[in-house]
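**Q** Can you keep this structure in mind? I'll have questions shortly.
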Amino acid sequence: MERLEQLKEEALQAVEKAEALSELQQQRVHYLGKKGPIQDVMKMMKDLPAEERPAFGAQVNEIKKAISDAIEAKRGELEVKEMNLRLEKEKIDITLEGYKPVIGNVHPLTLVQQELEDLFIGQGYTVAEGPEVELDFYNFERANIPQGHPARDMQDTFYIDHERLLRTHTTAIQTRQLELHAPNPIKVVCPGKVYRRDDDDATHSHQFTQMEGLVVAEGIQLSDLKGTLEFMAKKMFGESRVIRFRPSYFQFTEPSVEVDVSCHVCNGKGCPVCKGTGWIEILGAGMVHPNVLEMAGYDSTKMSGFAFGVGIERVAMLKYGIDDIRHFYTNDVRFLKMFKRFD
């Protein structure tokens with residue numbers, strides 16, 4: 001019994017001195033394990049008289065319980081201590097700025113396209129899209145450019161076979177929309193990528209992006225076209241901008257015009273940007289040719305319309321002062337980051 005009391009005191013002191021949970025676990029195994037000193041004392045029970053064995057067993061159980069309770073109490077204390085140490089060691093300073101993930105931004109061509117779409121949607125237009133691999137029928141025939149027409153040479157393109165090609169203009173979307181809506185009025189803008197065999201340089205590319213507009217209804221006049229394009233020019237380049245029409249020729253329209261906007265750099269006085277003229281060419285337009293209306297199923301004696309086509313790269317270059325169209329396609333992150341703040 002004296003040996004048991006001695007082991008109890010030793011165990012309680014060892015538990016109290018433990019400074020880590022691992023050390024506490026070692027003391028638990030040492031004193032309460034099957035090979036520990038208390039278990040060795042238990043082996044003496046067989047040498048005791050029968051009447052003393054119950055008291056001896058009860059004493060051993062009390063000592064084991066006292067040591068176990070001390071270990072559990074110490075465990076709770078050490079767990080709190082280790083948690084505090086870990087919290088102190090792994091503490092995050094929330095006053096410091098966090099790491100920001102690298103997030104891309106909208107491409108400048110997409111920015112301009114979205115701005116144009118919003119502008120025309122606000123005027124009641126709908127946005128229509130079409131296939132980039134187009135039929136010759138919709139790309140040329142329905143646009144009043146039959147086989148053998150010299151205008152085809154101006155839009156030399158990439159052919160898939162004798163019937164299919166990479167579209168040369170989004171007029172192909174317009175001819176599809178005319179066929180779809182005839183003989184009812186239509187008011188639509190058609191954005192999309194187009195392709196032509198061209199030498200790439202600072203102002204030309206074998207691929208570029210267009211947005212064409214089309215309005216067909218009764219009583220549409222050239223003045224409606226001018227008012228629409230003047231509204232677009234003011235919204236895209238500033239309220240002080242004015243436009244002018246110059247006679248031109250397009251197969252899809254008759255009469256046809258080239259549209260210039262007053263230079264936003266010199267305000268029409270003449271500078272290197274406008275080559276001293278005070279004007280910058282931005283798009284082509286005109287009244288929809290009667291042949292185009294008739295082929296789509298409209299009565300050209302009752303319905304009329306206007307159409308225009310603007311190069312999105314052209315607008316973006318003027319709007320943001322970009323000097324080389326190739327910047328849009330080289331995926332230089334330094335260039336693209338310049339447009340992070342543009343909405």
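Naming works like this for the structure tokens: A, B, ... for the chains as they're shown, residue 1 at the start of each chain, ligands 1 onward in shown order.
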DSSP on the backbone: which residues in range 254-316 of chain A end up as strand (DSSP E)? Give the answer as a PDB file with C-alpha atoms, in the first residue's frame.

**A**
ATOM      1  CA  GLU A 254     -28.124  53.152-104.111  1.00  0.00           C
ATOM      2  CA  PRO A 255     -27.391  56.001-103.651  1.00  0.00           C
ATOM      3  CA  SER A 256     -24.237  55.270-101.641  1.00  0.00           C
ATOM      4  CA  VAL A 257     -22.117  57.583 -99.501  1.00  0.00           C
ATOM      5  CA  GLU A 258     -18.823  57.658 -97.657  1.00  0.00           C
ATOM      6  CA  VAL A 259     -19.255  59.158 -94.200  1.00  0.00           C
ATOM      7  CA  ASP A 260     -16.628  61.395 -92.571  1.00  0.00           C
ATOM      8  CA  VAL A 261     -16.589  62.767 -89.042  1.00  0.00           C
ATOM      9  CA  SER A 262     -14.923  65.992 -88.002  1.00  0.00           C
ATOM     10  CA  TRP A 279     -12.187  65.104 -91.544  1.00  0.00           C
ATOM     11  CA  ILE A 280     -11.760  61.394 -90.819  1.00  0.00           C
ATOM     12  CA  GLU A 281     -13.482  58.707 -92.859  1.00  0.00           C
ATOM     13  CA  ILE A 282     -15.341  56.290 -90.576  1.00  0.00           C
ATOM     14  CA  LEU A 283     -17.810  54.227 -92.625  1.00  0.00           C
ATOM     15  CA  GLY A 284     -19.798  53.585 -95.781  1.00  0.00           C
ATOM     16  CA  ALA A 285     -23.573  53.739 -96.064  1.00  0.00           C
ATOM     17  CA  GLY A 286     -26.516  54.365 -98.362  1.00  0.00           C
ATOM     18  CA  MET A 287     -30.111  53.562 -99.195  1.00  0.00           C
ATOM     19  CA  VAL A 288     -30.788  49.839 -99.623  1.00  0.00           C
ATOM     20  CA  SER A 304     -37.326  51.622 -98.522  1.00  0.00           C
ATOM     21  CA  GLY A 305     -34.430  51.461 -96.148  1.00  0.00           C
ATOM     22  CA  PHE A 306     -30.894  52.475 -95.295  1.00  0.00           C
ATOM     23  CA  ALA A 307     -27.810  50.478 -94.404  1.00  0.00           C
ATOM     24  CA  PHE A 308     -24.392  51.335 -93.017  1.00  0.00           C
ATOM     25  CA  GLY A 309     -21.240  49.449 -92.088  1.00  0.00           C
ATOM     26  CA  VAL A 310     -18.587  50.561 -89.621  1.00  0.00           C
ATOM     27  CA  GLY A 311     -15.260  48.895 -88.811  1.00  0.00           C
TER      28      GLY A 311
END

**Q** So that I can check the surroundings of range 320-334 of chain A, please list as an NGL selection string every protein, DNA and RNA residue that reaches within 9 Å of it, counting only C-alpha atoms and ignoring chain neighbours fewer than 5 positions away.

**A** :A and (107-109 or 200-205 or 313-315)

**Q** Which residue, A:Gln251, A:Gln123, A:Asn144, A:Thr95, has the smallest gap to Val189 in chain A when you use only C-alpha atoms?

**A**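 Nearest to Val189 in chain A: A:Gln123.
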
**Q** Rounded to one decimal in Å, what is the spacing between CA of Asn291 in chain A and CA of Lys187 in chain A?

**A** 18.8 Å

**Q** Find the residues near His181 in chain A: any atom within 12 Å, counting only C-alpha atoms, skip ones fewer than 4 places away on the same chain, and give them as a list of chain:residue names.

**A**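 Counting only the stated atoms, we get A:Gln174, A:Thr175, A:Arg176, A:Gln177, A:Pro185, A:Ile186, A:Lys187, A:Val188, A:Val215, A:Val216, A:Ala217, A:Leu293, A:Ala296, A:Gly297, A:Tyr298.
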
**Q** Output the selection as a JSON list (two decimals), in the first residue's frame - N, CA, C and O atoms for each residue.

**A**
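result.json was written with the following content:
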[["chain", "number", "residue", "atom", "x", "y", "z"],
["A", 174, "GLN", "N", -27.24, 40.69, -92.86],
["A", 174, "GLN", "CA", -28.37, 41.53, -93.27],
["A", 174, "GLN", "C", -29.23, 40.83, -94.32],
["A", 174, "GLN", "O", -30.46, 40.87, -94.25],
["A", 175, "THR", "N", -28.60, 40.20, -95.30],
["A", 175, "THR", "CA", -29.39, 39.55, -96.35],
["A", 175, "THR", "C", -30.21, 38.39, -95.77],
["A", 175, "THR", "O", -31.33, 38.13, -96.20],
["A", 176, "ARG", "N", -29.65, 37.71, -94.79],
["A", 176, "ARG", "CA", -30.42, 36.65, -94.11],
["A", 176, "ARG", "C", -31.58, 37.25, -93.32],
["A", 176, "ARG", "O", -32.69, 36.71, -93.30],
["A", 177, "GLN", "N", -31.32, 38.38, -92.63],
["A", 177, "GLN", "CA", -32.37, 39.01, -91.84],
["A", 177, "GLN", "C", -33.48, 39.57, -92.73],
["A", 177, "GLN", "O", -34.66, 39.49, -92.36],
["A", 185, "PRO", "N", -41.36, 45.42, -91.63],
["A", 185, "PRO", "CA", -40.26, 46.34, -91.30],
["A", 185, "PRO", "C", -39.18, 45.65, -90.47],
["A", 185, "PRO", "O", -39.45, 44.69, -89.74],
["A", 186, "ILE", "N", -37.98, 46.18, -90.55],
["A", 186, "ILE", "CA", -36.85, 45.59, -89.83],
["A", 186, "ILE", "C", -35.92, 46.71, -89.37],
["A", 186, "ILE", "O", -35.75, 47.72, -90.05],
["A", 187, "LYS", "N", -35.32, 46.50, -88.19],
["A", 187, "LYS", "CA", -34.40, 47.48, -87.63],
["A", 187, "LYS", "C", -33.36, 46.69, -86.83],
["A", 187, "LYS", "O", -33.63, 46.25, -85.71],
["A", 188, "VAL", "N", -32.18, 46.50, -87.41],
["A", 188, "VAL", "CA", -31.24, 45.55, -86.84],
["A", 188, "VAL", "C", -29.80, 46.03, -87.03],
["A", 188, "VAL", "O", -29.48, 46.74, -87.98],
["A", 215, "VAL", "N", -32.16, 49.34, -91.66],
["A", 215, "VAL", "CA", -33.53, 49.76, -91.34],
["A", 215, "VAL", "C", -34.35, 49.70, -92.63],
["A", 215, "VAL", "O", -33.95, 50.28, -93.65],
["A", 216, "VAL", "N", -35.48, 49.00, -92.60],
["A", 216, "VAL", "CA", -36.38, 48.93, -93.74],
["A", 216, "VAL", "C", -37.80, 49.17, -93.23],
["A", 216, "VAL", "O", -38.24, 48.51, -92.28],
["A", 217, "ALA", "N", -38.48, 50.11, -93.84],
["A", 217, "ALA", "CA", -39.87, 50.42, -93.48],
["A", 217, "ALA", "C", -40.42, 51.35, -94.57],
["A", 217, "ALA", "O", -39.73, 51.68, -95.53],
["A", 293, "LEU", "N", -33.89, 44.56, -101.93],
["A", 293, "LEU", "CA", -35.21, 44.45, -101.32],
["A", 293, "LEU", "C", -36.08, 43.45, -102.06],
["A", 293, "LEU", "O", -36.74, 42.60, -101.45],
["A", 296, "ALA", "N", -35.19, 39.78, -101.53],
["A", 296, "ALA", "CA", -35.54, 39.28, -100.19],
["A", 296, "ALA", "C", -37.04, 39.12, -100.01],
["A", 296, "ALA", "O", -37.48, 38.50, -99.02],
["A", 297, "GLY", "N", -37.85, 39.69, -100.90],
["A", 297, "GLY", "CA", -39.29, 39.55, -100.79],
["A", 297, "GLY", "C", -40.02, 40.82, -100.42],
["A", 297, "GLY", "O", -41.21, 40.77, -100.03],
["A", 298, "TYR", "N", -39.38, 41.99, -100.53],
["A", 298, "TYR", "CA", -40.03, 43.27, -100.25],
["A", 298, "TYR", "C", -40.51, 43.93, -101.55],
["A", 298, "TYR", "O", -39.93, 43.71, -102.62]]

**Q** Do you know which residues are at most 12 Å from range 167-170 of chain A counting only C-alpha atoms, after dropping those on the same chain fewer than 5 positions away, and could you put them as a VMD selection string?

**A** chain A and resid 128 to 140 143 151 to 160 175 to 177 188 to 198 206 to 214 252 307 to 311

**Q** Run DSSP on the backbone and tell me which residues of range 72-125 of chain A come out as helix (DSSP H, G or I); list them as a VMD selection string.

**A** chain A and resid 72 to 89 108 to 121

**Q** Contacts of Gln13 in chain A at 12 Å or less, counting only C-alpha atoms, minus same-chain residues fewer than 2 places along, as a ChimeraX atom specification?

**A** /A:6-11,15-18,24,27,31,67,70-71,74

**Q** Taking only C-alpha atoms into account, which of A:Val292, A:Leu165, A:Glu19, A:Arg142 comes nearest Leu78 in chain A?

**A**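 Using only C-alpha atoms, the shortest distance to Leu78 in chain A belongs to A:Glu19.
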
**Q** Fewer than 6 positions away in the same chain doesn't count, so skip those; otherwise give me all residues within 10 Å of range 56-60 of chain A, counting only C-alpha atoms, as JSON, numbers by chain.

**A** {"A": [1, 4, 5, 8, 38, 39, 41, 42, 44, 45, 48, 66]}

**Q** In Å, with one decimal, what is the gap from CA of Val106 in chain A to CA of Cys266 in chain A?

**A**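 A separation of 29.3 Å between them.
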